[in-house]
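**Q** The structure that follows is given in the form of structure tokens.
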Amino acid sequence: MQTQSAKNGSDSPVQTNGVTNGVHDEDERKISPISSIAEKRTSEDIVRIIGQHLLTMGLTKSAETLMHESGCRMDHPVAAKFRSHVMNGDWGKAHTDLQELKDLLENPDSLIEMQFLLLEQKYLELLEDGKVIDALSTLRYELTPLNHKTSRVHQLSAFIMCSTAEQVREQASWNGKESRIQLMEQLQQFLPPSVMLPPRRLDALLKQAIDWQTERCPYHNSKLESELSLVVDHVCTKDSFPSTTLQVLNDHSDEVWFCRFSPDGTKLATGSKDQTVIIWDVHPTELKLTHRKTIDGHQYGASYLTWSPDSNYLLVCGPEDTPELWVYNSTSGDLQIKIAPGPEDSLTSAAWHPDSRRFVAGGTRGQFYLCDLDGNVLDSWEGVRVQSLGYRQDGKTVLAADTHNRIRGYVFATQNSDHNILKEEYAIMSFTVDTSDRLALLNVATQGVHLWDLEDRCLVRKFQGVTQGFYTIHSCFGGLNQNFIASGSEDNKVYIWHIKKERPIAVLCGHSRTVNCVSWNPTRPEMLVSVSDDGTIRLWGPAAPQSPSSQHSNGTRN
């Protein structure tokens with residue numbers, strides 16, 4: 001890139017003969033009126049917004065002084081009268097003001113809604129004051145003739161029977177005359193900003209500024225709003241991100257294939273080639289895991305685990321040749337049911353229905369079942385070679401990644417139906433769906449980690465860095481608001497990305513063989529777990545743990 005030694009065509013930044021940086025003073029004078037008009041408008045908007053905030057705080061005199069000294073007008077004169085009359089409960093004058101404002105409304109249909117809100121408040125205040133006859137008159141001769149929100153009018157009529165002001169407020173879920181502030185905020189939404197500022201505009205702008213800063217912060221992963229300040233720009237350090245090994249667990253005696261936190265975040269389950277599943281207790285304040293129960297007897301190993309949405313049950317599947325699956329009570333570890341439809345079956349993947357009472361299971365040999373917790377096979381779909389499964393939140397559609405590199409939707413109903421959702425060029429080894437039920441994260445053979453939009457049915461992003469061959473690797477959404485993506489890799493590392501960035505923001509080293517699966521704690525965004533062919537489970541957390549008493553169980557701290 002060439003470096004310019006002068007600005008705007010000037011050989012020197014020194015001002016000579018009426019020229020500054022190549023722009024004549026005369027040209028500046030031509031431009032400055034436009035600039036000054038824009039600056040004046042911005043300044044007026046700032047004053048108006050500050051004045052509104054002062055009013056919201058109850059600092060009326062301060063707001064009036066600001067408006068007087070600045071020469072600005074916070075609202076249109078009629079709108080200002082309207083606000084005053086509403087806040088003083090002068091409903092007749094407020095109605096007159098509203099008629100004057102109707103020509104300024106962006107949507108003429110808003111007028112009747114604003115009239116209704118005014119009369120509703122008037123009616124309830126009359127009841128609160130014990131003026132039942134006047135309230136009944138308002139109901140009959142003002143509210144009812146509007147022919148608007150008839151069901152709400154019927155509700156309002158029932159409040160006539162309330163004998164005390166407290167009953168009125170309780171029955172109407174209403175805060176009395178104090179609710180005039182909320183009423184005014186509702187009414188403001190129907191008026192254009194040039195007439196009256198939107199309610200709590202300063203609060204909205206400051207929230208947008210904070211949201212913008214947190215979105216730009218690559219490591220923002222904390223729920224604590226106290227960490228956010230308006231005084232300084234927000235920046236999180238990597239030290240507060242789960243990038244340090246807090247625990248190394250060696251309880252499994254062979255390759256560890258899968259890990260998954262329970263939906264309530266209180267337990268972790270891990271499955272291994274050593275034929276066991278281990279359930280771990282999560283200690284969120286100490287950021288550590290402790291052994292709860294070992295479940296053995298899985299002849300082919302435990303390669304896939306999934307918790308019921310209510311966290312009460314754990315379903316276990318084996319690798320390709322496994323013709324059965326197991327469902328355990330997550331608290332006791334006792335076997336709830338064992339399903340083995342046939343010796344030729346291969347049940348390698350499963351997904352729970354949102355009701356936690358049913359689930360689907362399938363494999364690559366062409367079988368696909370809908371089962372319940374009593375062990376009954378409720379329905380089946382033939383000819384579907386399943387690599388991975390998921391349930392949509394509607395409880396009707398099952399997502400299935402098949403051996404044709406597709407994810408298709410299957411609907412179990414009176415008339416079963418199916419439809420294409422997406423297709424990759426290479427095999428989909430696994431997938432998971434985020435809590436919004438819109439985004440799907442795919443691990444694609446030889447390609448890596450891909451993010452898809454299930455509604456628009458389009459590829460959103462390909463994440464860089466990870467090494468993916470033909471091993472089954474399970475990635476996950478996680479962190480605060482699921483703003484992050486994590487995945488294992490065949491290069492023995494864990495990769496973490498911000499969901500809006502293709503390049504990794506963290507690469508975690510420590511495992512000595514392929515990292516098969518990662519899981520982010522859904523309630524503790526600072527806890528991440530990875531498992532590997534090296535036989536270990538690693539708990540990752542911030543560089544500075546929350547408690548100095550955090551120790552390792554069956555392992556050592558790096």
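Naming works like this for the structure tokens: A, B, ... for the chains as they're shown, residue 1 at the start of each chain, ligands 1 onward in shown order.
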Taking only region 175-333 of chain A into account, list the residues labelled strand (DSSP E) by DSSP (computed from the backbone), as a PyMOL selection string.
**A** chain A and resi 244-249+256-261+267-272+277-283+288-295+304-307+313-317+325-329
**Q** Excluding region 134-139 of chain A and any residue of its chain fewer than 2 positions from it, enumerate the residues within 9 Å of it, using only C-alpha atoms, and give them as a list of chain:residue names.
**A** A:Leu119, A:Glu120, A:Lys122, A:Tyr123, A:Leu124, A:Glu125, A:Leu126, A:Leu127, A:Gly130, A:Lys131, A:Val132, A:Tyr141, A:Glu142, A:Leu143, A:Thr144, A:Pro145, A:Val153, A:Leu156, A:Ser157, A:Ile160
**Q** Calculate how many Å separate CA of Cys476 (chain A) from CA of Ile278 (chain A), rounding to one decimal.
**A**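 So the answer is 20.1 Å.
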**Q** Quick one, how far is CA of Gly383 (chain A) from CA of Pro319 (chain A)?
**A** 19.3 Å
**Q** Give me the residues of region 399-488 of chain A that have any atom at most 9 Å from an atom of region 205-220 of chain A; for each, the nearest atom pair and the distance in Å, rounded to one decimal. Use only C-alpha atoms, sort by chain and number, and format it as CSV.
**A**
residue,atom,partner,partner_atom,distance
A:Gly479,CA,A:His220,CA,8.8
A:Leu480,CA,A:His220,CA,7.6
A:Asn483,CA,A:His220,CA,8.9
**Q** Can I get the selection written as a PDB file, in the first residue's frame, with N, CA, C and O atoms?
**A**
ATOM      1  N   GLY A 479     -22.164 -20.986  25.357  1.00  0.00           N
ATOM      2  CA  GLY A 479     -21.826 -19.670  25.857  1.00  0.00           C
ATOM      3  C   GLY A 479     -23.060 -18.819  26.065  1.00  0.00           C
ATOM      4  O   GLY A 479     -24.196 -19.270  25.899  1.00  0.00           O
ATOM      5  N   LEU A 480     -22.855 -17.559  26.425  1.00  0.00           N
ATOM      6  CA  LEU A 480     -23.954 -16.642  26.684  1.00  0.00           C
ATOM      7  C   LEU A 480     -24.801 -16.473  25.435  1.00  0.00           C
ATOM      8  O   LEU A 480     -24.288 -16.139  24.362  1.00  0.00           O
ATOM      9  N   ASN A 483     -23.885 -17.662  21.731  1.00  0.00           N
ATOM     10  CA  ASN A 483     -23.164 -16.825  20.779  1.00  0.00           C
ATOM     11  C   ASN A 483     -21.879 -17.468  20.279  1.00  0.00           C
ATOM     12  O   ASN A 483     -21.166 -16.859  19.476  1.00  0.00           O
TER      13      ASN A 483
END
